[in-house]
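Asker: Provided herewith: model12.pdb, PDB, C-alpha atoms.
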ATOM      1  CA  MET N   1      57.077  31.890 -26.469
ATOM      2  CA  PHE N   2      59.872  32.417 -23.965
ATOM      3  CA  GLN N   3      58.217  35.563 -22.651
ATOM      4  CA  SER N   4      54.936  33.660 -22.290
ATOM      5  CA  LEU N   5      56.761  30.963 -20.331
ATOM      6  CA  LEU N   6      58.157  33.521 -17.895
ATOM      7  CA  LYS N   7      54.834  35.334 -17.650
ATOM      8  CA  HIS N   8      53.046  32.172 -16.519
ATOM      9  CA  ARG N   9      55.956  30.787 -14.529
ATOM     10  CA  GLU N  10      54.061  30.306 -11.265
ATOM     11  CA  ALA N  11      51.268  28.408 -13.047
ATOM     12  CA  LEU N  12      53.814  26.241 -14.844
ATOM     13  CA  LEU N  13      55.706  25.526 -11.631
ATOM     14  CA  GLY N  14      52.477  24.699  -9.818
ATOM     15  CA  GLY N  15      51.545  22.290 -12.602
ATOM     16  CA  VAL N  16      54.954  20.616 -12.417
ATOM     17  CA  ILE N  17      54.517  20.131  -8.670
ATOM     18  CA  VAL N  18      51.101  18.514  -9.148
ATOM     19  CA  LEU N  19      52.446  16.231 -11.900
ATOM     20  CA  MET N  20      55.377  15.219  -9.700
ATOM     21  CA  ILE N  21      53.059  14.322  -6.838
ATOM     22  CA  LEU N  22      50.754  12.321  -9.125
ATOM     23  CA  ALA N  23      53.682  10.545 -10.780
ATOM     24  CA  ILE N  24      55.182   9.504  -7.460
ATOM     25  CA  GLY N  25      51.713   8.578  -6.204
ATOM     26  CA  SER N  26      51.219   6.235  -9.147
ATOM     27  CA  ARG N  27      54.226   4.244  -7.934
ATOM     28  CA  VAL N  28      53.724   4.711  -4.191
ATOM     29  CA  PRO N  29      49.983   5.284  -3.497
ATOM     30  CA  SER N  30      50.611   6.214   0.136
ATOM     31  CA  PHE N  31      52.547   9.256  -1.073
ATOM     32  CA  ILE N  32      49.355  11.032  -2.152
ATOM     33  CA  ALA N  33      47.389  10.132   0.960
ATOM     34  CA  PRO N  34      45.929  13.315   2.552
ATOM     35  CA  GLY N  35      47.850  12.745   5.765
ATOM     36  CA  ASN N  36      51.153  12.466   3.905
ATOM     37  CA  LEU N  37      50.444  15.601   1.856
ATOM     38  CA  VAL N  38      49.693  17.535   5.047
ATOM     39  CA  GLU N  39      52.906  16.256   6.597
ATOM     40  CA  MET N  40      54.876  17.177   3.480
ATOM     41  CA  PHE N  41      53.550  20.747   3.600
ATOM     42  CA  ASN N  42      54.329  20.859   7.299
ATOM     43  CA  ASP N  43      57.901  19.715   6.616
ATOM     44  CA  THR N  44      58.265  22.563   4.115
ATOM     45  CA  SER N  45      56.717  25.247   6.336
ATOM     46  CA  ILE N  46      59.979  26.567   7.800
ATOM     47  CA  LEU N  47      61.550  26.696   4.334
ATOM     48  CA  ILE N  48      58.537  28.707   3.110
ATOM     49  CA  ILE N  49      58.831  31.259   5.930
ATOM     50  CA  LEU N  50      62.582  31.680   5.480
ATOM     51  CA  ALA N  51      62.194  31.961   1.695
ATOM     52  CA  LEU N  52      59.742  34.834   2.190
ATOM     53  CA  GLY N  53      62.365  36.690   4.209
ATOM     54  CA  GLN N  54      65.064  35.951   1.656
ATOM     55  CA  MET N  55      62.747  37.120  -1.114
ATOM     56  CA  MET N  56      62.434  40.578   0.421
ATOM     57  CA  VAL N  57      66.220  40.885   0.604
ATOM     58  CA  LEU N  58      66.644  39.690  -2.995
ATOM     59  CA  LEU N  59      64.093  42.256  -4.162
ATOM     60  CA  THR N  60      66.519  44.987  -3.049
ATOM     61  CA  LYS N  61      69.514  43.361  -4.826
ATOM     62  CA  GLY N  62      70.837  41.905  -1.585
ATOM     63  CA  ILE N  63      71.265  38.387  -0.250
ATOM     64  CA  ASP N  64      71.156  37.019   3.299
ATOM     65  CA  LEU N  65      73.400  33.995   3.828
ATOM     66  CA  SER N  66      73.192  34.291   7.614
ATOM     67  CA  MET N  67      69.543  33.230   7.923
ATOM     68  CA  ALA N  68      70.263  29.652   9.001
ATOM     69  CA  ALA N  69      72.890  30.802  11.519
ATOM     70  CA  ASN N  70      70.431  33.388  12.831
ATOM     71  CA  LEU N  71      67.855  30.604  13.219
ATOM     72  CA  ALA N  72      70.361  28.380  15.023
ATOM     73  CA  LEU N  73      71.480  31.085  17.456
ATOM     74  CA  THR N  74      67.987  32.305  18.367
ATOM     75  CA  GLY N  75      66.818  28.711  18.700
ATOM     76  CA  MET N  76      69.710  27.857  21.007
ATOM     77  CA  ILE N  77      69.099  30.937  23.174
ATOM     78  CA  VAL N  78      65.401  30.195  23.716
ATOM     79  CA  ALA N  79      66.207  26.498  24.314
ATOM     80  CA  LEU N  80      68.736  27.439  27.006
ATOM     81  CA  ILE N  81      66.279  29.860  28.621
ATOM     82  CA  ASN N  82      63.597  27.193  28.609
ATOM     83  CA  PHE N  83      66.022  24.720  30.197
ATOM     84  CA  HIS N  84      67.235  27.058  32.956
ATOM     85  CA  TYR N  85      63.977  28.997  33.477
ATOM     86  CA  PRO N  86      61.115  26.605  32.615
ATOM     87  CA  ASP N  87      58.468  29.006  33.972
ATOM     88  CA  VAL N  88      59.028  31.529  31.175
ATOM     89  CA  PRO N  89      55.919  31.268  28.941
ATOM     90  CA  VAL N  90      56.268  30.040  25.381
ATOM     91  CA  TRP N  91      54.787  33.220  23.909
ATOM     92  CA  ALA N  92      57.534  35.245  25.602
ATOM     93  CA  LEU N  93      60.209  32.940  24.158
ATOM     94  CA  LEU N  94      58.660  33.222  20.715
ATOM     95  CA  PHE N  95      58.640  37.021  20.984
ATOM     96  CA  LEU N  96      62.238  37.003  22.222
ATOM     97  CA  ALA N  97      63.382  34.778  19.339
ATOM     98  CA  THR N  98      61.732  37.095  16.806
ATOM     99  CA  ALA N  99      63.221  40.203  18.441
ATOM    100  CA  LEU N 100      66.718  38.700  18.561
ATOM    101  CA  GLY N 101      66.422  37.675  14.925
ATOM    102  CA  LEU N 102      65.354  41.202  14.003
ATOM    103  CA  LEU N 103      68.380  42.592  15.883
ATOM    104  CA  MET N 104      70.762  40.310  13.971
ATOM    105  CA  GLY N 105      69.080  41.264  10.716
ATOM    106  CA  ALA N 106      69.448  44.941  11.624
ATOM    107  CA  ILE N 107      73.183  44.434  12.146
ATOM    108  CA  ASN N 108      73.447  43.006   8.636
ATOM    109  CA  GLY N 109      71.355  45.852   7.234
ATOM    110  CA  LEU N 110      73.380  48.588   8.918
ATOM    111  CA  LEU N 111      76.683  47.175   7.663
ATOM    112  CA  VAL N 112      75.313  47.031   4.122
ATOM    113  CA  TRP N 113      73.549  50.403   4.245
ATOM    114  CA  LYS N 114      75.889  52.624   6.210
ATOM    115  CA  LEU N 115      79.272  51.090   5.367
ATOM    116  CA  GLY N 116      78.481  50.033   1.815
ATOM    117  CA  ILE N 117      79.848  46.508   2.276
ATOM    118  CA  PRO N 118      78.414  43.996  -0.227
ATOM    119  CA  ALA N 119      75.591  41.973   1.302
ATOM    120  CA  ILE N 120      77.192  38.629   0.443
ATOM    121  CA  VAL N 121      80.376  39.600   2.321
ATOM    122  CA  VAL N 122      78.497  40.909   5.360
ATOM    123  CA  THR N 123      76.236  37.901   5.718
ATOM    124  CA  LEU N 124      79.045  35.391   5.170
ATOM    125  CA  GLY N 125      80.865  37.084   8.043
ATOM    126  CA  THR N 126      77.897  37.270  10.394
ATOM    127  CA  MET N 127      77.000  33.674   9.547
ATOM    128  CA  SER N 128      80.329  32.558  11.028
ATOM    129  CA  ILE N 129      80.015  34.956  13.957
ATOM    130  CA  TYR N 130      76.557  33.686  14.930
ATOM    131  CA  ARG N 131      77.709  30.063  14.748
ATOM    132  CA  GLY N 132      80.718  30.984  16.875
ATOM    133  CA  ILE N 133      78.489  32.599  19.507
ATOM    134  CA  ILE N 134      76.498  29.365  19.793
ATOM    135  CA  PHE N 135      79.722  27.481  20.518
ATOM    136  CA  LEU N 136      80.728  30.056  23.138
ATOM    137  CA  LEU N 137      77.332  29.761  24.824
ATOM    138  CA  THR N 138      77.329  25.974  24.937
ATOM    139  CA  GLY N 139      80.938  24.858  24.637
ATOM    140  CA  GLY N 140      79.770  22.621  21.806
ATOM    141  CA  GLY N 141      77.075  21.019  23.951
ATOM    142  CA  TRP N 142      73.507  20.101  23.038
ATOM    143  CA  VAL N 143      70.096  20.834  24.494
ATOM    144  CA  ASN N 144      68.001  17.690  24.121
ATOM    145  CA  SER N 145      64.280  17.018  24.240
ATOM    146  CA  ASN N 146      64.407  15.781  27.846
ATOM    147  CA  GLN N 147      65.801  19.200  28.821
ATOM    148  CA  MET N 148      62.948  21.097  27.157
ATOM    149  CA  GLY N 149      59.549  21.774  28.652
ATOM    150  CA  VAL N 150      56.377  20.069  27.464
ATOM    151  CA  ASP N 151      54.753  23.368  26.444
ATOM    152  CA  PHE N 152      57.928  24.435  24.622
ATOM    153  CA  LEU N 153      57.767  21.315  22.447
ATOM    154  CA  ALA N 154      54.001  21.180  22.040
ATOM    155  CA  LEU N 155      53.158  24.399  20.166
ATOM    156  CA  PRO N 156      54.290  23.510  16.598
ATOM    157  CA  ARG N 157      52.727  20.046  16.941
ATOM    158  CA  ALA N 158      49.332  21.288  18.126
ATOM    159  CA  SER N 159      46.557  20.828  15.566
ATOM    160  CA  LEU N 160      44.067  23.455  14.418
ATOM    161  CA  LEU N 161      41.338  22.583  11.893
ATOM    162  CA  GLY N 162      43.301  19.514  10.819
ATOM    163  CA  LEU N 163      46.592  21.323  10.242
ATOM    164  CA  PRO N 164      49.557  21.608  12.630
ATOM    165  CA  VAL N 165      50.226  25.073  14.053
ATOM    166  CA  LEU N 166      53.553  25.077  12.191
ATOM    167  CA  SER N 167      51.682  24.899   8.886
ATOM    168  CA  TRP N 168      49.363  27.701   9.987
ATOM    169  CA  CYS N 169      52.439  29.824  10.753
ATOM    170  CA  ALA N 170      53.597  29.378   7.149
ATOM    171  CA  ILE N 171      50.140  30.252   5.802
ATOM    172  CA  ALA N 172      49.974  33.355   8.005
ATOM    173  CA  ALA N 173      53.452  34.423   6.859
ATOM    174  CA  LEU N 174      52.420  34.042   3.208
ATOM    175  CA  LEU N 175      49.323  36.194   3.706
ATOM    176  CA  LEU N 176      51.104  38.878   5.731
ATOM    177  CA  VAL N 177      54.112  39.197   3.426
ATOM    178  CA  GLY N 178      51.869  39.119   0.362
ATOM    179  CA  TYR N 179      49.721  41.933   1.749
ATOM    180  CA  PHE N 180      52.798  43.909   2.845
ATOM    181  CA  LEU N 181      54.485  43.741  -0.562
ATOM    182  CA  ARG N 182      51.370  44.483  -2.565
ATOM    183  CA  TYR N 183      49.514  47.096  -0.548
ATOM    184  CA  SER N 184      51.982  48.888   1.737
ATOM    185  CA  ARG N 185      54.132  51.806   0.612
ATOM    186  CA  THR N 186      57.258  50.212   2.069
ATOM    187  CA  GLY N 187      56.569  46.903   0.339
ATOM    188  CA  ARG N 188      56.229  48.583  -3.056
ATOM    189  CA  ALA N 189      59.371  50.593  -2.325
ATOM    190  CA  LEU N 190      61.352  47.354  -1.955
ATOM    191  CA  TYR N 191      60.542  46.532  -5.583
ATOM    192  CA  THR N 192      61.436  50.020  -6.778
ATOM    193  CA  ALA N 193      64.703  50.136  -4.830
ATOM    194  CA  GLY N 194      65.908  46.889  -6.351
ATOM    195  CA  GLY N 195      64.381  47.186  -9.797
ATOM    196  CA  ASN N 196      65.263  50.758 -10.735
ATOM    197  CA  ALA N 197      67.645  52.671  -8.469
ATOM    198  CA  THR N 198      67.351  55.825 -10.608
ATOM    199  CA  ALA N 199      63.571  55.884 -10.351
ATOM    200  CA  ALA N 200      63.851  55.203  -6.624
ATOM    201  CA  TYR N 201      66.159  58.195  -6.196
ATOM    202  CA  TYR N 202      63.870  60.584  -8.048
ATOM    203  CA  THR N 203      60.823  59.395  -6.134
ATOM    204  CA  GLY N 204      62.521  59.935  -2.779
ATOM    205  CA  ILE N 205      63.134  56.266  -1.974
ATOM    206  CA  ASN N 206      66.402  55.540  -0.184
ATOM    207  CA  ALA N 207      67.587  52.250  -1.688
ATOM    208  CA  GLY N 208      70.035  51.648   1.166
ATOM    209  CA  LYS N 209      67.323  52.163   3.750
ATOM    210  CA  MET N 210      65.084  49.703   1.916
ATOM    211  CA  GLN N 211      67.870  47.125   2.063
ATOM    212  CA  PHE N 212      68.098  47.752   5.806
ATOM    213  CA  VAL N 213      64.347  47.207   6.170
ATOM    214  CA  SER N 214      64.500  43.993   4.155
ATOM    215  CA  PHE N 215      67.332  42.615   6.314
ATOM    216  CA  CYS N 216      65.369  43.464   9.472
ATOM    217  CA  LEU N 217      62.311  41.599   8.184
ATOM    218  CA  SER N 218      64.422  38.671   7.013
ATOM    219  CA  GLY N 219      66.133  38.479  10.401
ATOM    220  CA  ALA N 220      62.833  38.630  12.286
ATOM    221  CA  LEU N 221      61.422  35.726  10.258
ATOM    222  CA  ALA N 222      64.636  33.743  10.796
ATOM    223  CA  GLY N 223      64.421  34.342  14.545
ATOM    224  CA  PHE N 224      60.773  33.313  14.549
ATOM    225  CA  CYS N 225      61.783  30.094  12.774
ATOM    226  CA  GLY N 226      64.528  29.575  15.344
ATOM    227  CA  TYR N 227      61.949  28.654  17.965
ATOM    228  CA  LEU N 228      59.857  26.660  15.472
ATOM    229  CA  TRP N 229      62.836  24.590  14.288
ATOM    230  CA  ILE N 230      64.161  23.756  17.772
ATOM    231  CA  SER N 231      60.750  22.931  19.215
ATOM    232  CA  ARG N 232      59.784  20.811  16.182
ATOM    233  CA  PHE N 233      62.989  18.752  16.075
ATOM    234  CA  ALA N 234      63.498  18.849  19.859
ATOM    235  CA  VAL N 235      67.259  19.404  19.756
ATOM    236  CA  ALA N 236      69.558  22.434  19.723
ATOM    237  CA  TYR N 237      73.262  22.350  18.822
ATOM    238  CA  VAL N 238      75.891  24.375  16.947
ATOM    239  CA  ASP N 239      75.230  22.944  13.474
ATOM    240  CA  VAL N 240      71.440  23.226  13.483
ATOM    241  CA  ALA N 241      70.242  24.061   9.934
ATOM    242  CA  ASN N 242      73.840  24.170   8.696
ATOM    243  CA  GLY N 243      73.731  24.852   4.946
ATOM    244  CA  PHE N 244      69.973  25.413   4.952
ATOM    245  CA  GLU N 245      70.488  28.962   3.674
ATOM    246  CA  LEU N 246      71.332  27.444   0.268
ATOM    247  CA  GLN N 247      67.949  25.676   0.196
ATOM    248  CA  VAL N 248      66.301  28.998   1.003
ATOM    249  CA  VAL N 249      68.055  30.834  -1.838
ATOM    250  CA  ALA N 250      67.272  27.934  -4.179
ATOM    251  CA  ALA N 251      63.562  28.091  -3.319
ATOM    252  CA  CYS N 252      63.515  31.790  -4.210
ATOM    253  CA  VAL N 253      65.419  31.366  -7.466
ATOM    254  CA  ILE N 254      63.270  28.429  -8.589
ATOM    255  CA  GLY N 255      60.183  30.515  -7.798
ATOM    256  CA  GLY N 256      61.306  33.287 -10.146
ATOM    257  CA  ILE N 257      62.706  35.791  -7.655
ATOM    258  CA  SER N 258      65.527  37.509  -9.504
ATOM    259  CA  THR N 259      68.941  37.877  -7.855
ATOM    260  CA  MET N 260      69.209  41.167  -9.780
ATOM    261  CA  GLY N 261      66.427  42.688  -7.684
ATOM    262  CA  GLY N 262      62.968  44.066  -8.277
ATOM    263  CA  THR N 263      61.315  40.883  -9.580
ATOM    264  CA  GLY N 264      59.410  38.187  -7.726
ATOM    265  CA  ARG N 265      56.086  37.289  -6.172
ATOM    266  CA  VAL N 266      54.992  35.517  -3.023
ATOM    267  CA  LEU N 267      53.233  32.823  -5.056
ATOM    268  CA  GLY N 268      56.466  32.003  -6.854
ATOM    269  CA  CYS N 269      58.280  31.872  -3.524
ATOM    270  CA  LEU N 270      55.695  29.402  -2.206
ATOM    271  CA  PHE N 271      55.901  27.157  -5.276
ATOM    272  CA  GLY N 272      59.699  27.235  -5.241
ATOM    273  CA  ALA N 273      59.752  26.021  -1.646
ATOM    274  CA  LEU N 274      57.079  23.384  -2.327
ATOM    275  CA  PHE N 275      59.011  22.158  -5.366
ATOM    276  CA  LEU N 276      62.076  21.509  -3.212
ATOM    277  CA  GLY N 277      59.881  20.041  -0.486
ATOM    278  CA  VAL N 278      58.331  17.549  -2.909
ATOM    279  CA  ILE N 279      61.746  16.578  -4.279
ATOM    280  CA  ASN N 280      63.206  16.103  -0.805
ATOM    281  CA  ASN N 281      60.258  13.935   0.233
ATOM    282  CA  ALA N 282      59.687  12.060  -3.044
ATOM    283  CA  LEU N 283      63.137  10.964  -4.149
ATOM    284  CA  PRO N 284      63.907   8.878  -1.035
ATOM    285  CA  VAL N 285      60.491   7.212  -1.404
ATOM    286  CA  ILE N 286      61.371   5.893  -4.869
ATOM    287  CA  GLY N 287      64.858   4.877  -3.767
ATOM    288  CA  VAL N 288      66.924   7.636  -5.377
ATOM    289  CA  SER N 289      70.406   8.055  -3.887
ATOM    290  CA  PRO N 290      71.026  11.201  -1.803
ATOM    291  CA  PHE N 291      73.804  12.112  -4.254
ATOM    292  CA  TRP N 292      71.307  12.107  -7.115
ATOM    293  CA  GLN N 293      68.950  14.179  -4.998
ATOM    294  CA  MET N 294      71.629  16.854  -4.722
ATOM    295  CA  ALA N 295      72.404  16.622  -8.452
ATOM    296  CA  ILE N 296      68.733  16.951  -9.431
ATOM    297  CA  SER N 297      68.206  19.899  -7.094
ATOM    298  CA  GLY N 298      71.349  21.572  -8.416
ATOM    299  CA  THR N 299      70.281  21.070 -12.028
ATOM    300  CA  VAL N 300      66.884  22.622 -11.343
ATOM    301  CA  ILE N 301      68.542  25.608  -9.676
ATOM    302  CA  VAL N 302      70.875  26.184 -12.646
ATOM    303  CA  ILE N 303      67.954  26.012 -15.083
ATOM    304  CA  ALA N 304      65.966  28.462 -12.932
ATOM    305  CA  VAL N 305      68.888  30.917 -12.835
ATOM    306  CA  LEU N 306      69.257  30.711 -16.629
ATOM    307  CA  LEU N 307      65.547  31.418 -17.065
ATOM    308  CA  ASN N 308      65.771  34.380 -14.695
ATOM    309  CA  GLU N 309      68.800  35.818 -16.470
ATOM    310  CA  ARG N 310      67.213  35.388 -19.892
ATOM    311  CA  GLY N 311      64.158  37.198 -18.601
ATOM    312  CA  ASN N 312      66.262  40.050 -17.237
ATOM    313  CA  LYS N 313      68.154  40.441 -20.520
ATOM    314  CA  ARG N 314      64.926  40.350 -22.498
ATOM    315  CA  LYS N 315      63.406  43.001 -20.265
ATOM    316  CA  GLY N 316      66.509  45.123 -20.661
ATOM    317  CA  ARG N 317      66.355  44.881 -24.467
ATOM    318  CA  LEU N 318      62.687  45.897 -24.424
ATOM    319  CA  ILE N 319      63.478  48.956 -22.301
ATOM    320  CA  LEU N 320      66.321  49.991 -24.649
ATOM    321  CA  ARG N 321      64.098  49.439 -27.712
ATOM    322  CA  ASP N 322      61.317  51.578 -26.250
ATOM    323  CA  ALA N 323      63.832  54.301 -25.355
ATOM    324  CA  ALA N 324      65.218  54.253 -28.915
ATOM    325  CA  ARG N 325      61.716  54.577 -30.365
ATOM    326  CA  GLN N 326      61.006  57.504 -28.082
ATOM    327  CA  GLN N 327      64.172  59.238 -29.229
ATOM    328  CA  GLN N 328      63.250  58.660 -32.893
ATOM    329  CA  LYS N 329      59.817  60.190 -32.322
ATOM    330  CA  GLN N 330      61.368  63.218 -30.661
ATOM    331  CA  ALA N 331      63.807  63.631 -33.572
ATOM    332  CA  VAL N 332      60.967  63.440 -36.135
ATOM    333  CA  ASN N 333      58.849  65.961 -34.216
ATOM    334  CA  SER N 334      61.727  68.398 -33.937
TER     335      SER N 334
END
Have the structure of the file written as structure tokens, please.
Answerer:
Amino acid sequence: MFQSLLKHREALLGGVIVLMILAIGSRVPSFIAPGNLVEMFNDTSILIILALGQMMVLLTKGIDLSMAANLALTGMIVALINFHYPDVPVWALLFLATALGLLMGAINGLLVWKLGIPAIVVTLGTMSIYRGIIFLLTGGGWVNSNQMGVDFLALPRASLLGLPVLSWCAIAALLLVGYFLRYSRTGRALYTAGGNATAAYYTGINAGKMQFVSFCLSGALAGFCGYLWISRFAVAYVDVANGFELQVVAACVIGGISTMGGTGRVLGCLFGALFLGVINNALPVIGVSPFWQMAISGTVIVIAVLLNERGNKRKGRLILRDAARQQQKQAVNS
């Protein structure tokens, strides 16, 4: 039964999300209005994109706690450029934010790969460094909406086929990452590197290099979100998205991405982010205290971790049992 639960985890999580929406809608009918559902998905879009990046790092047995700081720094840089050089086109700023994010991710990846420093230590350090750089750039100052260009602020809010561009960015990221992980050689290597280091070695996959690649991709997505966050909320300051990296990790864990590496799917990542998005939007509507919101989210995360760990142990026992049977067969044949 437990194995069946884990096997159909995405379907179960999707069903829970639908039931939550319907339950809240029964008390507050406006909650399930199409416009509110679109807005709720839009509010979760940045979390979805960041969770996809974090997922790729987790697949290789790493973790990236610097994503939110990366987002804040790239967002501040493009906001400052837009303020001082308003003629720079938005597409160039978006490209610059993504490239800067990739560079910061590459720094994390190199420190983990070449120096062998644990990923959690590296990213905790770079998280503080990136926040410190923002303070050095601004002296603790802010860039407000009246200092940003109209085009700079307009892109995420523009509508296409009834959905904001920000939502389309999340959908595009889901499709691209899903295709990359399923059909590309590098994407499949991320699973192998994190799931079975011995098999990776004998198949010529460099696990350290795969961690580097995952950090680069995670950093690029964080940089991309740096522009999206600043332009959507129309403000840039040192503490932008402070602590948001914990929401990102939580979305992955709830969606079934194992912190032990090698396990997880894009669909689970999406549902994990949507689950948190529904909670964050629903609980204030029904008058739940912010402290209870944190407690409920924390409880869900702990339960998800326990499920993941039980699944990992179960898988490990199955592998050992199969190996023992193979040895018994060899002994009988000899």
Asker: When the PyMOL selection byres ((chain N and resi 254) around 7) is applied to the structure above, which residues does it catch, written out as a list of chain:residue names?
Answerer: N:Ala250, N:Ala251, N:Cys252, N:Val253, N:Gly255, N:Gly256, N:Gly272, N:Ile301, N:Ala304
Asker: Suppose a student applies the PyMOL selection byres ((chain N and resi 274) around 10) to this structure; what residues should they get, written as a ChimeraX atom specification?
Answerer: /N:13-14,17,40-41,43-45,47-48,251,255,268-273,275-280
Asker: Spell out the residues picked by the PyMOL selection byres ((chain N and resi 227) around 9) here, as a VMD selection string.
Answerer: chain N and resid 71 to 72 74 to 76 78 to 79 93 to 94 97 to 98 152 223 to 226 228 to 232
Asker: Rank N:Ala69, N:Ile32, N:Gly141, N:Val300 by their smallest atom-to-atom distance to Leu124 of chain N, using only C-alpha atoms, and report the top residue only.
Answerer: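 Checking each candidate against Leu124 of chain N, we get N:Ala69 as the closest.
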Asker: Residues of segment 235-320 of chain N that approach segment 188-201 of chain N to 8 Å or less, counting all atoms listed in the file: could you list each one with the shortest pair of atoms and its distance in Å to one decimal, rows by chain and increasing residue number, as CSV?
Answerer:
residue,atom,partner,partner_atom,distance
N:Met260,CA,N:Gly194,CA,7.4
N:Gly261,CA,N:Gly194,CA,4.4
N:Gly262,CA,N:Gly195,CA,3.7
N:Thr263,CA,N:Tyr191,CA,7.0
Asker: Quick one: everything within 10 Å of Leu217 of chain N, counting all atoms listed in the file, minus sequence neighbours fewer than 5 positions away in the same chain. Send it as a ChimeraX atom specification.
Answerer: /N:52-54,56-57,98,101-103,105-106,177,211-212,222-223
Asker: Rounded to one decimal place, report the atom CA of Ile63 of chain N-atom CA of Ala173 of chain N distance in Å.
Answerer: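 Atom-to-atom, atom CA of Ile63 of chain N to atom CA of Ala173 of chain N, that is 19.6 Å.
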Asker: Would you mind reading off the distance between atom CA of Phe135 of chain N and atom CA of Leu166 of chain N, one decimal, in Å?
Answerer: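 Between atom CA of Phe135 of chain N and atom CA of Leu166 of chain N the gap is 27.6 Å.
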Asker: Determine the axis-aligned bounding box of all atoms of segment 58-64 of chain N present in the file, pad each side by 6 Å, and express its centre and edge lengths in Å to one decimal place as AutoDock Vina command-line options.
Answerer:
--center_x 67.7 --center_y 41.0 --center_z -0.8 --size_x 19.2 --size_y 20.0 --size_z 20.1
Asker: What's the 7 Å shell around Leu73 of chain N, counting only C-alpha atoms, without same-chain residues fewer than 3 positions away, as number ranges by chain?
Answerer: N: 69-70, 76-77, 130-131, 134
Asker: Considering all atoms listed in the file, can you say which of N:Ala282, N:Leu65, N:Asp151, N:Ile129 comes closest to Leu22 of chain N?
Answerer: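 Looking only at the distances to Leu22 of chain N, the closest residue turns out to be N:Ala282.
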Asker: Counting all atoms listed in the file, which residue out of N:Ala33, N:Ile46, N:Leu137, N:Ser184 sits closest to Cys169 of chain N?
Answerer: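 Residue with the minimum atom-to-atom distance to Cys169 of chain N: N:Ile46.
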Asker: Quick one: pull the distance between atom CA of Phe215 of chain N and atom CA of Gly125 of chain N, Å, one decimal.
Answerer: 14.7 Å
Asker: Compare N:Ile24, N:Leu283, N:Val249, N:Ala295 by their minimum atom-to-atom distance to Leu58 of chain N, counting all atoms listed in the file, and give me the closest one.
Answerer: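 Closest to Leu58 of chain N, using all atoms listed in the file: N:Val249.
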